[in-house]
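Have a look at model_11.cif; it's mmCIF, C-alpha atoms:
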data_target
loop_
_atom_site.label_atom_id
_atom_site.label_comp_id
_atom_site.auth_asym_id
_atom_site.auth_seq_id
_atom_site.Cartn_x
_atom_site.Cartn_y
_atom_site.Cartn_z
CA MET A 1 -13.83 35.98 -18.80
CA LYS A 2 -10.28 35.54 -20.00
CA TYR A 3 -7.43 36.23 -17.60
CA THR A 4 -4.37 38.12 -18.79
CA PRO A 5 -1.45 35.74 -19.37
CA ALA A 6 0.43 36.73 -16.19
CA LEU A 7 -2.71 36.43 -14.08
CA ALA A 8 -3.55 33.07 -15.58
CA ARG A 9 -0.04 31.89 -14.77
CA LEU A 10 -0.28 33.08 -11.17
CA ILE A 11 -3.66 31.38 -10.64
CA ASP A 12 -2.38 28.21 -12.18
CA ALA A 13 0.75 28.29 -10.01
CA LEU A 14 -1.25 28.79 -6.80
CA ARG A 15 -3.20 25.64 -7.54
CA CYS A 16 -0.15 23.55 -6.69
CA LEU A 17 -0.91 24.19 -3.01
CA PRO A 18 -2.82 21.45 -1.17
CA GLY A 19 -6.56 22.05 -1.03
CA VAL A 20 -6.49 24.95 -3.48
CA GLY A 21 -8.85 24.67 -6.43
CA PRO A 22 -9.46 27.15 -9.26
CA LYS A 23 -11.81 29.30 -7.20
CA SER A 24 -9.53 29.68 -4.18
CA ALA A 25 -6.54 30.25 -6.46
CA GLN A 26 -8.37 33.11 -8.16
CA ARG A 27 -9.32 34.63 -4.81
CA MET A 28 -5.73 34.43 -3.58
CA ALA A 29 -4.35 35.95 -6.78
CA PHE A 30 -6.78 38.86 -6.65
CA HIS A 31 -6.02 39.43 -3.00
CA LEU A 32 -2.27 39.51 -3.60
CA LEU A 33 -2.64 41.97 -6.47
CA GLU A 34 -5.29 44.22 -4.95
CA ARG A 35 -4.37 44.59 -1.34
CA GLY A 36 -1.29 42.57 -0.66
CA ARG A 37 1.35 43.77 -3.10
CA ASP A 38 3.99 44.16 -0.36
CA SER A 39 3.27 40.83 1.18
CA ALA A 40 3.13 39.26 -2.28
CA GLY A 41 6.65 40.53 -2.87
CA ARG A 42 7.78 39.05 0.43
CA LEU A 43 6.07 35.78 -0.39
CA GLY A 44 7.75 35.58 -3.78
CA GLU A 45 11.13 36.33 -2.29
CA ALA A 46 10.67 33.90 0.58
CA ILE A 47 9.77 31.12 -1.84
CA SER A 48 12.78 31.70 -4.06
CA VAL A 49 15.18 31.98 -1.09
CA ALA A 50 13.71 28.83 0.43
CA LEU A 51 14.07 26.96 -2.84
CA SER A 52 17.70 27.91 -3.28
CA ASP A 53 18.80 27.58 0.37
CA ILE A 54 16.85 24.70 1.86
CA GLY A 55 18.01 21.18 1.20
CA HIS A 56 18.01 17.89 3.08
CA CYS A 57 20.17 17.13 6.08
CA SER A 58 22.92 14.80 4.93
CA ARG A 59 22.34 12.57 7.94
CA CYS A 60 18.60 12.47 8.61
CA ARG A 61 16.98 13.94 5.46
CA MET A 62 15.18 16.65 7.46
CA PHE A 63 14.92 20.05 5.79
CA THR A 64 17.91 22.23 6.59
CA GLU A 65 19.89 25.14 5.25
CA GLY A 66 23.29 23.73 6.11
CA ASP A 67 24.82 20.32 5.65
CA LEU A 68 23.40 19.03 8.95
CA CYS A 69 20.07 20.01 10.52
CA SER A 70 20.00 21.63 13.96
CA ILE A 71 19.16 18.33 15.65
CA CYS A 72 21.90 16.27 13.99
CA GLY A 73 24.35 19.11 14.57
CA SER A 74 23.55 19.48 18.27
CA ALA A 75 25.93 18.04 20.85
CA GLN A 76 23.05 17.81 23.36
CA ARG A 77 21.23 15.12 21.42
CA GLU A 78 21.73 11.46 22.15
CA ALA A 79 23.54 10.07 19.08
CA GLY A 80 22.77 6.47 19.97
CA GLN A 81 18.99 6.82 19.59
CA LEU A 82 17.43 7.07 16.16
CA CYS A 83 13.73 7.70 15.70
CA VAL A 84 12.40 6.94 12.21
CA VAL A 85 9.44 9.04 11.06
CA GLU A 86 7.56 9.49 7.80
CA SER A 87 7.60 13.27 7.44
CA PRO A 88 9.15 16.53 8.72
CA ALA A 89 5.77 17.28 10.33
CA ASP A 90 6.24 14.17 12.48
CA VAL A 91 9.62 15.47 13.68
CA VAL A 92 7.95 18.73 14.70
CA ALA A 93 5.18 16.84 16.51
CA ILE A 94 7.63 14.67 18.46
CA GLU A 95 9.85 17.65 19.27
CA GLN A 96 6.83 19.48 20.67
CA SER A 97 6.10 16.55 22.96
CA GLY A 98 9.46 17.34 24.52
CA GLY A 99 10.21 13.82 25.69
CA TYR A 100 12.69 12.71 23.06
CA LYS A 101 16.38 13.54 23.16
CA GLY A 102 17.77 11.40 20.34
CA ARG A 103 18.13 11.97 16.61
CA TYR A 104 15.76 11.30 13.72
CA PHE A 105 15.64 9.77 10.31
CA VAL A 106 12.98 11.21 8.01
CA LEU A 107 11.77 8.87 5.28
CA MET A 108 9.72 11.51 3.42
CA GLY A 109 6.99 8.94 2.85
CA HIS A 110 6.29 5.25 3.45
CA LEU A 111 6.53 2.05 1.44
CA SER A 112 3.58 2.13 -0.90
CA PRO A 113 3.95 -0.64 -3.46
CA LEU A 114 0.74 0.26 -5.30
CA ASP A 115 2.07 3.76 -5.91
CA GLY A 116 5.48 2.41 -6.85
CA ILE A 117 7.16 3.88 -3.74
CA GLY A 118 9.90 1.53 -2.67
CA PRO A 119 13.15 1.61 -0.68
CA GLU A 120 14.94 3.87 -3.17
CA GLN A 121 12.46 6.71 -2.70
CA LEU A 122 12.73 6.51 1.08
CA GLY A 123 16.49 6.93 1.23
CA LEU A 124 17.08 3.50 2.73
CA ASP A 125 20.66 3.41 1.43
CA GLN A 126 21.35 6.39 3.63
CA PHE A 127 19.51 4.73 6.52
CA GLU A 128 21.63 1.58 6.19
CA ARG A 129 24.82 3.60 6.08
CA LEU A 130 23.77 5.28 9.34
CA LEU A 131 23.18 1.90 10.98
CA VAL A 132 26.46 0.48 9.74
CA ALA A 133 28.41 3.57 10.85
CA GLY A 134 28.10 2.28 14.42
CA GLU A 135 26.96 5.36 16.31
CA VAL A 136 23.34 4.23 16.54
CA ARG A 137 22.47 1.74 19.29
CA GLU A 138 18.71 1.87 19.30
CA VAL A 139 16.11 2.42 16.57
CA ILE A 140 12.60 3.63 17.42
CA LEU A 141 10.14 3.03 14.60
CA ALA A 142 7.61 5.86 14.63
CA THR A 143 5.96 5.42 11.24
CA ASN A 144 2.17 5.84 11.18
CA PRO A 145 -0.06 2.97 12.33
CA THR A 146 -1.48 2.50 8.81
CA VAL A 147 -0.86 -0.68 6.81
CA GLU A 148 1.80 1.11 4.75
CA GLY A 149 3.40 2.49 7.91
CA GLU A 150 3.41 -1.00 9.46
CA ALA A 151 4.95 -2.54 6.36
CA THR A 152 7.64 0.16 6.41
CA ALA A 153 8.30 -0.34 10.13
CA HIS A 154 8.58 -4.09 9.65
CA TYR A 155 11.16 -3.73 6.91
CA LEU A 156 13.22 -1.08 8.74
CA GLY A 157 13.08 -3.22 11.86
CA GLU A 158 14.56 -6.16 9.97
CA LEU A 159 17.38 -3.95 8.71
CA ALA A 160 18.14 -2.72 12.22
CA LEU A 161 18.00 -6.25 13.67
CA LYS A 162 20.40 -7.41 10.98
CA ASN A 163 22.81 -4.82 12.34
CA ALA A 164 22.28 -6.16 15.88
CA LEU A 165 20.59 -2.98 17.16
CA ARG A 166 17.85 -2.61 19.70
CA VAL A 167 14.56 -1.96 17.91
CA SER A 168 11.24 -0.73 19.26
CA ARG A 169 7.94 0.28 17.70
CA ILE A 170 5.99 3.20 19.18
CA ALA A 171 2.96 2.05 21.17
CA HIS A 172 -0.56 2.51 19.80
CA GLY A 173 -3.43 2.87 22.18
CA VAL A 174 -5.97 4.87 24.06
CA PRO A 175 -5.54 8.62 23.59
CA VAL A 176 -5.05 10.79 26.66
CA GLY A 177 -8.49 11.90 27.85
CA GLY A 178 -10.21 9.26 25.72
CA GLU A 179 -13.09 7.05 26.77
CA LEU A 180 -12.90 3.34 26.08
CA GLU A 181 -16.52 3.14 24.98
CA TYR A 182 -15.84 5.36 21.97
CA ILE A 183 -12.58 3.82 20.87
CA ASP A 184 -12.55 1.57 17.82
CA GLY A 185 -11.86 -2.13 18.22
CA GLY A 186 -8.51 -2.01 16.46
CA THR A 187 -7.04 0.63 18.72
CA LEU A 188 -8.40 -1.15 21.79
CA ALA A 189 -6.92 -4.47 20.66
CA HIS A 190 -3.54 -2.75 20.30
CA ALA A 191 -3.89 -1.05 23.64
CA LEU A 192 -4.66 -4.34 25.40
CA ALA A 193 -1.88 -6.20 23.62
CA GLY A 194 0.58 -3.52 24.64
CA SER A 195 -0.62 -3.01 28.21
CA THR A 196 2.14 -2.47 30.76
CA ALA A 197 2.60 -3.83 34.27
CA VAL A 198 1.58 -1.63 37.17
CA SER A 199 4.27 -1.40 39.80
CA MET B 200 -25.98 -1.98 -10.84
CA LYS B 201 -24.82 1.25 -12.34
CA SER B 202 -28.01 3.10 -11.54
CA ALA B 203 -27.97 2.23 -7.83
CA ARG B 204 -28.52 5.51 -6.04
CA ARG B 205 -28.09 4.28 -2.53
CA VAL B 206 -26.42 1.10 -1.43
CA TRP B 207 -26.70 -0.04 2.18
CA LEU B 208 -24.05 -1.94 4.11
CA THR B 209 -22.69 -4.22 1.43
CA PRO B 210 -19.60 -6.43 1.99
CA ALA B 211 -16.41 -4.81 0.74
CA TYR B 212 -12.66 -4.52 1.10
CA LEU B 213 -10.60 -1.38 0.71
CA LEU B 214 -7.94 -2.03 -1.94
CA HIS B 215 -6.19 1.29 -2.02
CA GLN B 216 -6.77 4.92 -1.16
CA TYR B 217 -5.49 8.26 -2.33
CA ALA B 218 -5.43 11.58 -0.51
CA TYR B 219 -7.95 13.99 -1.97
CA ARG B 220 -8.11 17.67 -1.03
CA ASP B 221 -7.22 18.54 2.55
CA THR B 222 -9.00 15.93 4.56
CA SER B 223 -10.66 13.50 2.14
CA ARG B 224 -9.71 10.32 0.41
CA ILE B 225 -10.65 8.51 -2.73
CA ALA B 226 -11.18 4.89 -1.82
CA GLU B 227 -10.80 2.06 -4.32
CA VAL B 228 -13.04 -0.66 -2.97
CA PHE B 229 -13.84 -4.19 -4.05
CA THR B 230 -17.42 -5.12 -3.18
CA ARG B 231 -19.04 -8.51 -3.38
CA GLU B 232 -22.21 -7.36 -5.14
CA HIS B 233 -21.01 -4.46 -7.28
CA GLY B 234 -17.43 -5.29 -8.12
CA ARG B 235 -14.66 -2.76 -7.95
CA LEU B 236 -15.42 0.96 -7.69
CA SER B 237 -14.05 4.30 -6.51
CA LEU B 238 -15.79 6.26 -3.77
CA PHE B 239 -15.17 9.62 -2.18
CA ALA B 240 -14.62 9.33 1.54
CA ARG B 241 -15.20 12.90 2.63
CA GLY B 242 -13.28 13.96 5.67
CA ALA B 243 -11.65 10.53 6.00
CA ARG B 244 -8.33 12.08 6.99
CA ALA B 245 -9.82 14.47 9.53
CA PRO B 246 -8.84 13.75 13.15
CA LYS B 247 -12.35 12.75 14.20
CA SER B 248 -13.50 10.95 11.08
CA ALA B 249 -15.80 8.00 11.56
CA PHE B 250 -13.98 6.27 8.68
CA ARG B 251 -10.59 6.58 10.27
CA ALA B 252 -10.40 3.27 12.07
CA GLY B 253 -12.64 1.18 9.84
CA LEU B 254 -11.41 2.13 6.41
CA ARG B 255 -8.29 -0.03 6.34
CA PRO B 256 -7.04 -2.48 3.73
CA PHE B 257 -7.38 -6.21 4.52
CA GLN B 258 -10.32 -5.60 6.86
CA ARG B 259 -13.67 -7.02 5.81
CA LEU B 260 -16.12 -4.13 5.86
CA LEU B 261 -19.75 -3.29 5.33
CA ILE B 262 -19.99 -0.06 3.38
CA SER B 263 -22.79 2.24 2.26
CA TRP B 264 -22.66 4.86 -0.42
CA VAL B 265 -24.86 7.21 -2.42
CA GLY B 266 -24.57 8.36 -5.99
CA LYS B 267 -24.54 6.85 -9.42
CA SER B 268 -21.68 4.93 -10.97
CA GLU B 269 -18.41 6.91 -10.78
CA ALA B 270 -17.68 9.15 -7.84
CA GLY B 271 -20.19 7.87 -5.33
CA GLN B 272 -19.96 9.19 -1.79
CA LEU B 273 -19.07 6.76 0.93
CA THR B 274 -21.52 7.25 3.79
CA ALA B 275 -20.57 4.45 6.16
CA ALA B 276 -17.79 1.92 6.66
CA GLU B 277 -18.15 -0.60 9.46
CA ILE B 278 -16.03 -3.57 10.33
CA GLU B 279 -17.78 -6.83 9.42
CA GLY B 280 -16.96 -9.67 11.78
CA ASP B 281 -13.64 -9.68 13.56
CA PHE B 282 -11.00 -7.00 13.52
CA THR B 283 -8.39 -8.32 11.08
CA GLN B 284 -4.79 -7.33 11.06
CA LEU B 285 -2.59 -8.92 8.47
CA PRO B 286 0.76 -9.64 10.18
CA ALA B 287 3.47 -7.17 9.13
CA PRO B 288 5.66 -9.71 7.26
CA ARG B 289 2.65 -10.53 5.06
CA LEU B 290 1.57 -7.04 4.19
CA MET B 291 3.63 -7.03 0.98
CA SER B 292 1.77 -10.11 -0.27
CA GLY B 293 -1.47 -8.39 0.69
CA PHE B 294 -0.53 -5.34 -1.37
CA TYR B 295 0.19 -7.68 -4.26
CA LEU B 296 -3.29 -9.28 -4.06
CA ASN B 297 -4.84 -5.81 -3.95
CA GLU B 298 -2.91 -4.68 -6.97
CA LEU B 299 -3.97 -7.78 -8.91
CA LEU B 300 -7.63 -6.96 -8.21
CA LEU B 301 -7.10 -3.29 -9.05
CA LYS B 302 -5.42 -3.97 -12.35
CA LEU B 303 -7.21 -7.09 -13.56
CA THR B 304 -10.86 -6.61 -12.63
CA GLU B 305 -13.14 -4.19 -14.45
CA ARG B 306 -15.08 -1.52 -12.64
CA PHE B 307 -18.69 -2.45 -11.77
CA ASP B 308 -18.10 -6.04 -12.77
CA PRO B 309 -19.28 -8.17 -9.82
CA HIS B 310 -17.29 -11.30 -8.97
CA PRO B 311 -18.89 -12.63 -5.76
CA GLN B 312 -16.81 -15.82 -5.85
CA LEU B 313 -13.60 -13.90 -6.33
CA PHE B 314 -14.60 -11.66 -3.44
CA GLU B 315 -15.08 -14.65 -1.15
CA LEU B 316 -11.82 -16.16 -2.37
CA TYR B 317 -10.01 -12.92 -1.54
CA SER B 318 -11.68 -12.86 1.87
CA ARG B 319 -10.64 -16.46 2.59
CA THR B 320 -7.10 -15.80 1.37
CA ILE B 321 -6.72 -12.79 3.67
CA SER B 322 -8.11 -14.78 6.61
CA ALA B 323 -5.77 -17.69 5.90
CA MET B 324 -2.75 -15.39 5.64
CA THR B 325 -3.77 -13.66 8.85
CA ALA B 326 -4.10 -17.02 10.57
CA GLY B 327 -0.58 -17.95 9.50
CA HIS B 328 -1.23 -20.56 6.79
CA PRO B 329 1.69 -21.02 4.36
CA GLU B 330 1.76 -17.87 2.30
CA GLU B 331 3.08 -19.15 -1.03
CA ALA B 332 0.33 -21.75 -1.39
CA GLN B 333 -2.34 -19.13 -0.64
CA LEU B 334 -0.92 -16.77 -3.25
CA ARG B 335 -0.69 -19.45 -5.95
CA ARG B 336 -4.26 -20.63 -5.30
CA PHE B 337 -5.48 -17.05 -5.49
CA GLU B 338 -3.63 -16.40 -8.76
CA LYS B 339 -4.93 -19.60 -10.33
CA ARG B 340 -8.56 -18.96 -9.40
CA LEU B 341 -8.32 -15.29 -10.28
CA LEU B 342 -7.27 -16.26 -13.81
CA GLU B 343 -10.12 -18.77 -14.00
CA GLU B 344 -12.62 -16.18 -12.80
CA LEU B 345 -11.39 -13.70 -15.41
CA GLY B 346 -11.76 -16.27 -18.18
CA TYR B 347 -8.06 -17.11 -18.55
CA GLY B 348 -8.17 -20.41 -16.72
CA VAL B 349 -6.08 -23.29 -18.03
CA ASP B 350 -6.76 -26.98 -17.62
CA PHE B 351 -3.32 -28.07 -16.51
CA SER B 352 -4.29 -31.74 -16.43
CA ARG B 353 -4.55 -32.08 -20.23
CA THR B 354 -2.43 -31.04 -23.19
CA ASP B 355 -4.04 -28.95 -25.90
CA ALA B 356 -4.35 -32.14 -27.95
CA GLY B 357 -6.57 -33.55 -25.20
CA GLU B 358 -3.95 -35.96 -23.90
CA ARG B 359 -3.85 -36.55 -20.11
CA VAL B 360 -0.80 -35.09 -18.41
CA VAL B 361 1.24 -37.88 -16.82
CA PRO B 362 3.45 -37.37 -13.74
CA GLY B 363 6.57 -38.68 -15.46
CA GLY B 364 6.22 -36.56 -18.63
CA PHE B 365 7.56 -33.09 -19.37
CA TYR B 366 5.53 -30.28 -20.81
CA ARG B 367 5.84 -26.83 -22.25
CA VAL B 368 3.34 -24.29 -20.98
CA ARG B 369 2.40 -21.12 -22.80
CA PRO B 370 0.72 -18.22 -21.00
CA GLN B 371 -2.46 -18.55 -22.99
CA ARG B 372 -3.59 -22.07 -22.26
CA VAL B 373 -1.34 -24.28 -24.39
CA VAL B 374 0.22 -27.30 -22.80
CA MET B 375 2.24 -29.63 -25.00
CA ARG B 376 4.52 -32.53 -24.33
CA CYS B 377 8.24 -31.97 -24.82
CA GLU B 378 11.63 -33.45 -23.98
CA ALA B 379 12.88 -33.26 -20.39
CA GLU B 380 15.88 -31.24 -21.58
CA ALA B 381 13.78 -28.68 -23.46
CA PRO B 382 14.15 -25.17 -22.07
CA GLU B 383 11.52 -24.37 -19.44
CA ALA B 384 10.16 -27.92 -19.51
CA VAL B 385 7.74 -28.44 -16.63
CA PRO B 386 7.39 -31.89 -15.03
CA GLY B 387 3.91 -33.39 -15.37
CA ARG B 388 3.74 -33.91 -11.64
CA SER B 389 3.87 -30.14 -11.05
CA LEU B 390 1.07 -29.59 -13.58
CA ILE B 391 -1.16 -32.23 -12.01
CA GLU B 392 -0.59 -30.80 -8.54
CA LEU B 393 -1.22 -27.28 -9.82
CA SER B 394 -4.43 -28.51 -11.40
CA ASP B 395 -5.45 -30.06 -8.06
CA GLU B 396 -4.28 -26.97 -6.15
CA SER B 397 -2.09 -29.14 -4.02
CA PHE B 398 0.87 -26.97 -3.13
CA GLU B 399 2.85 -28.95 -0.62
CA ASN B 400 5.82 -29.73 -2.82
CA VAL B 401 8.54 -27.07 -3.14
CA ASP B 402 9.16 -27.90 -6.81
CA THR B 403 5.45 -27.62 -7.59
CA LEU B 404 5.30 -24.26 -5.86
CA ARG B 405 8.27 -22.99 -7.86
CA ASP B 406 6.88 -24.24 -11.19
CA ALA B 407 3.39 -22.94 -10.37
CA LYS B 408 4.81 -19.53 -9.56
CA ARG B 409 6.55 -19.31 -12.93
CA ILE B 410 3.55 -20.57 -14.92
CA LEU B 411 0.97 -18.38 -13.18
CA ARG B 412 3.23 -15.35 -13.31
CA ALA B 413 3.55 -15.69 -17.09
CA SER B 414 -0.25 -15.93 -17.42
CA ILE B 415 -0.77 -12.86 -15.25
CA GLU B 416 1.88 -11.01 -17.23
CA ALA B 417 -0.11 -11.75 -20.39
CA CYS B 418 -3.30 -10.37 -18.79
CA LEU B 419 -1.52 -7.21 -17.65
CA ASP B 420 -0.77 -6.38 -21.25
CA GLY B 421 2.47 -4.52 -20.65
CA ARG B 422 1.50 -2.81 -17.38
CA THR B 423 3.87 -3.39 -14.48
CA LEU B 424 2.91 -4.43 -10.96
CA GLY B 425 4.33 -1.84 -8.55
CA SER B 426 4.12 -4.30 -5.66
CA ARG B 427 6.28 -6.80 -7.53
CA VAL B 428 8.90 -4.14 -8.33
CA VAL B 429 9.02 -3.01 -4.69
CA MET B 430 9.11 -6.58 -3.38
CA LYS B 431 12.02 -7.42 -5.68
CA SER B 432 13.90 -4.35 -4.61
CA LEU B 433 13.36 -5.16 -0.91
CA HIS B 434 14.42 -8.74 -1.50
CA ARG B 435 17.63 -7.65 -3.25
CA ARG B 436 18.53 -5.56 -0.21
CA GLU B 437 17.82 -8.39 2.17
CA GLN B 438 20.17 -10.63 0.22
CA ALA B 439 22.91 -7.98 0.04
#

Represent the structure of the file as structure tokens.
Amino acid sequence: MKYTPALARLIDALRCLPGVGPKSAQRMAFHLLERGRDSAGRLGEAISVALSDIGHCSRCRMFTEGDLCSICGSAQREAGQLCVVESPADVVAIEQSGGYKGRYFVLMGHLSPLDGIGPEQLGLDQFERLLVAGEVREVILATNPTVEGEATAHYLGELALKNALRVSRIAHGVPVGGELEYIDGGTLAHALAGSTAVS
Amino acid sequence: MKSARRVWLTPAYLLHQYAYRDTSRIAEVFTREHGRLSLFARGARAPKSAFRAGLRPFQRLLISWVGKSEAGQLTAAEIEGDFTQLPAPRLMSGFYLNELLLKLTERFDPHPQLFELYSRTISAMTAGHPEEAQLRRFEKRLLEELGYGVDFSRTDAGERVVPGGFYRVRPQRVVMRCEAEAPEAVPGRSLIELSDESFENVDTLRDAKRILRASIEACLDGRTLGSRVVMKSLHRREQA
């Protein structure tokens, strides 16, 4: 069957979403047109408003509608602590943990030489300017414990050390509620290497 | 090899991986017996995936898969031997080795010796052996394995290279004697040491890097190495 041009365009556009193939895209399109015309209108409007209003925070690269994001703009946050993460989702995860009171820097990715992703794509000029500006005293490297994340952390750490800042890497280890028997050797090795004194 | 429907626990390294759908990955692996191939690792990004810890670059693995040729399904990935973690300052060099294998080897073309060389190189870099020498040895033997090896101990006229002479080297296996002042003249001593894979001398290392890089460039046929671009860019920043 041939779709009408507008329908074909809608289905094609929906396929840009992660995990959506031709079949799901068709189901979504039919749903929006059959039963969800109001919500489809809201969705369309929300997307266009988001696209025109949301940009990156000029300090940390997090998504924001103003010049600074709510965290960078808040007087309650510790300006001397900077936690570097790979994605906005990581900021949300750390915020939910509730234990961190400093600011962030969002790389929007990690160094991935084989995909051609280098320092330019990660906004490292901006990162260096932040370090040089003098407000930051401590950098916490919270990139993922993958090889790319480690390579990124290593490089960012060097930059921070060059600016005579305190640098730490988040600990990797045994998950809360985990059982040692079922933990892979790599995680265990990290956990043992990073074990802390009992006082 | 192409018709293998089920392969059990064969030695392999993960070279690179791409996200696929919501929770899966496409893994580019280099195996000892079957060469380089792509496999689907279903659910590899899911929180409880069995592949999560094992499927890491620079870790020697034993992997199993089902399916013919392209698009096989990875069914198991276990760590073979010790848990290996390439130290962070050496990861960039590791990415470079992986990219060389990805771009210069053909799919389903087994190179058991190259596989063992890669394995030894990773182990040596993990153990802290001088990095440059490991990289140059790998590049030289990779070229030999791919059929682009050069006998650096003789000129193309069959004359023995002498330590005191100067030579011009072309990417595709031509070595000829030239004047010391000639542009890009390479001292014979560097060529002899490169031929013997003796990389203790700084000058030899520098000359070997230039010669091998030109040969690799010729094999790449116009394609660029992302890892080299990124490394250069990082280096520029470090100098700044």

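Nearest to chain A of all the residues B:Ser248, B:Gln284, B:Ser318, B:Gln272 is B:Gln284, based on all atoms listed in the file.
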
ask   = In terms of the shortest atom-to-atom distance over only C-alpha atoms, which of A:Glu135, A:Glu181, A:Asp53, A:Asp125 is closest to Leu156 of chain A?
value =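 Once distances to Leu156 of chain A are computed over only C-alpha atoms, the minimum belongs to A:Asp125.
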
For chain B versus chain A, which residues have an atom no more than 9 Å away, and what is each residue's nearest atom pair and distance in Å rounded to one decimal, using all atoms listed in the file, chain-then-number order, as a tab-separated table?
residue	atom	partner	partner_atom	distance
B:His215	CA	A:Leu114	CA	7.7
B:Tyr219	CA	A:Gly19	CA	8.2
B:Arg220	CA	A:Gly19	CA	4.6
B:Asp221	CA	A:Gly19	CA	5.1
B:Thr222	CA	A:Gly19	CA	8.6
B:Ala252	CA	A:Asp184	CA	6.4
B:Gly253	CA	A:Asp184	CA	8.0
B:Arg255	CA	A:Val147	CA	7.5
B:Pro256	CA	A:Val147	CA	7.1
B:Phe257	CA	A:Val147	CA	8.9
B:Phe282	CA	A:Gly186	CA	6.3
B:Thr283	CA	A:Gly186	CA	8.3
B:Gln284	CA	A:Gly186	CA	8.4
B:Leu285	CA	A:Val147	CA	8.6
B:Ala287	CA	A:Ala151	CA	5.6
B:Pro288	CA	A:His154	CA	6.8
B:Arg289	CA	A:Ala151	CA	8.4
B:Leu290	CA	A:Ala151	CA	6.0
B:Met291	CA	A:Ala151	CA	7.1
B:Phe294	CA	A:Pro113	CA	6.8
B:Tyr295	CA	A:Pro113	CA	8.0
B:Asn297	CA	A:Leu114	CA	8.4
B:Glu298	CA	A:Leu114	CA	6.4
B:Leu424	CA	A:Leu114	CA	7.7
B:Gly425	CA	A:Gly116	CA	4.7
B:Ser426	CA	A:Pro113	CA	4.3
B:Arg427	CA	A:Pro113	CA	7.7
B:Val428	CA	A:Gly116	CA	7.5
B:Val429	CA	A:Gly118	CA	5.0
B:Met430	CA	A:Pro113	CA	7.9
B:Ser432	CA	A:Pro119	CA	7.2
B:Leu433	CA	A:Pro119	CA	6.8
B:Arg436	CA	A:Pro119	CA	9.0
B:Glu437	CA	A:Leu159	CA	7.9

To one decimal place in Å, what is the distance between atom CA of Pro362 of chain B and atom CA of Glu330 of chain B?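 Interatomic distance, atom CA of Pro362 of chain B to atom CA of Glu330 of chain B: 25.3 Å.
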
### Query
Which residues, protein or nucleic acid, reach to within 9 Å of (-23.2, -6.5, -9.2) in the file's coordinates when using all atoms listed in the file, and can you give that as a PyMOL selection string?
chain B and resi 200-201+230-234+307-311

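Atom pair atom CA of Asp402 of chain B / atom CA of Lys302 of chain B has a distance of 28.6 Å (rounded to one decimal).
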
Open item on the list: For the PyMOL selection byres ((chain B and resi 399) around 12), applied here, can you spell out every residue it catches as a PyMOL selection string?
Closed with: chain B and resi 328-333+335-336+389+392-393+395-398+400-405+407

Can you translate the PyMOL selection byres ((chain B and resi 264) around 7) into the concrete residues it hits in this file, as a PyMOL selection string?
chain B and resi 205-207+262-263+265-266+271-275

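The two atoms in question, atom CA of Ala50 of chain A and atom CA of Thr64 of chain A, are spaced 10.0 Å apart.
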
Explicit residues for the PyMOL selection byres ((chain B and resi 213) around 8) (as a PDB file with C-alpha atoms, in the frame of the given file):
ATOM      1  CA  ALA B 211     -16.410  -4.810   0.740  1.00  0.00           C
ATOM      2  CA  TYR B 212     -12.660  -4.520   1.100  1.00  0.00           C
ATOM      3  CA  LEU B 214      -7.940  -2.030  -1.940  1.00  0.00           C
ATOM      4  CA  HIS B 215      -6.190   1.290  -2.020  1.00  0.00           C
ATOM      5  CA  GLN B 216      -6.770   4.920  -1.160  1.00  0.00           C
ATOM      6  CA  ALA B 226     -11.180   4.890  -1.820  1.00  0.00           C
ATOM      7  CA  GLU B 227     -10.800   2.060  -4.320  1.00  0.00           C
ATOM      8  CA  VAL B 228     -13.040  -0.660  -2.970  1.00  0.00           C
ATOM      9  CA  PHE B 229     -13.840  -4.190  -4.050  1.00  0.00           C
ATOM     10  CA  LEU B 254     -11.410   2.130   6.410  1.00  0.00           C
ATOM     11  CA  ARG B 255      -8.290  -0.030   6.340  1.00  0.00           C
ATOM     12  CA  PRO B 256      -7.040  -2.480   3.730  1.00  0.00           C
ATOM     13  CA  PHE B 257      -7.380  -6.210   4.520  1.00  0.00           C
ATOM     14  CA  GLN B 258     -10.320  -5.600   6.860  1.00  0.00           C
TER      15      GLN B 258
END

When you count only C-alpha atoms, which of these residues is closest to Leu131 of chain A: A:Asn163, A:Ser74, A:Ser97, A:Thr143?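 Nearest to Leu131 of chain A: A:Asn163.
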
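Using all atoms listed in the file, the smallest distance between any of A:Lys2, A:Arg27, A:His190, A:Arg77 and Arg15 of chain A comes from A:Arg27.
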
May I have the residues within 12 Å of Leu188 of chain A as a list of chain:residue names, using only C-alpha atoms and disregarding those fewer than 4 positions away in the same chain?
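Those residues are A:Ala171, A:His172, A:Gly173, A:Val174, A:Pro175, A:Gly178, A:Glu179, A:Leu180, A:Glu181, A:Tyr182, A:Ile183, A:Asp184, A:Leu192, A:Ala193, A:Gly194, A:Ser195, B:Ala252, B:Phe282.
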
Give me, as a short mmCIF file (atom, residue, chain, number, x, y, z; two decimals) with C-alpha atoms, in the coordinates of the input, all polymer residues having an atom no more than 9 Å from Leu316 of chain B, counting all atoms listed in the file and skipping those fewer than 6 positions away in the same chain.
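File written: result14.cif
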data_model
loop_
_atom_site.label_atom_id
_atom_site.label_comp_id
_atom_site.auth_asym_id
_atom_site.auth_seq_id
_atom_site.Cartn_x
_atom_site.Cartn_y
_atom_site.Cartn_z
CA PHE B 337 -5.48 -17.05 -5.49
CA ARG B 340 -8.56 -18.96 -9.40
CA LEU B 341 -8.32 -15.29 -10.28
#
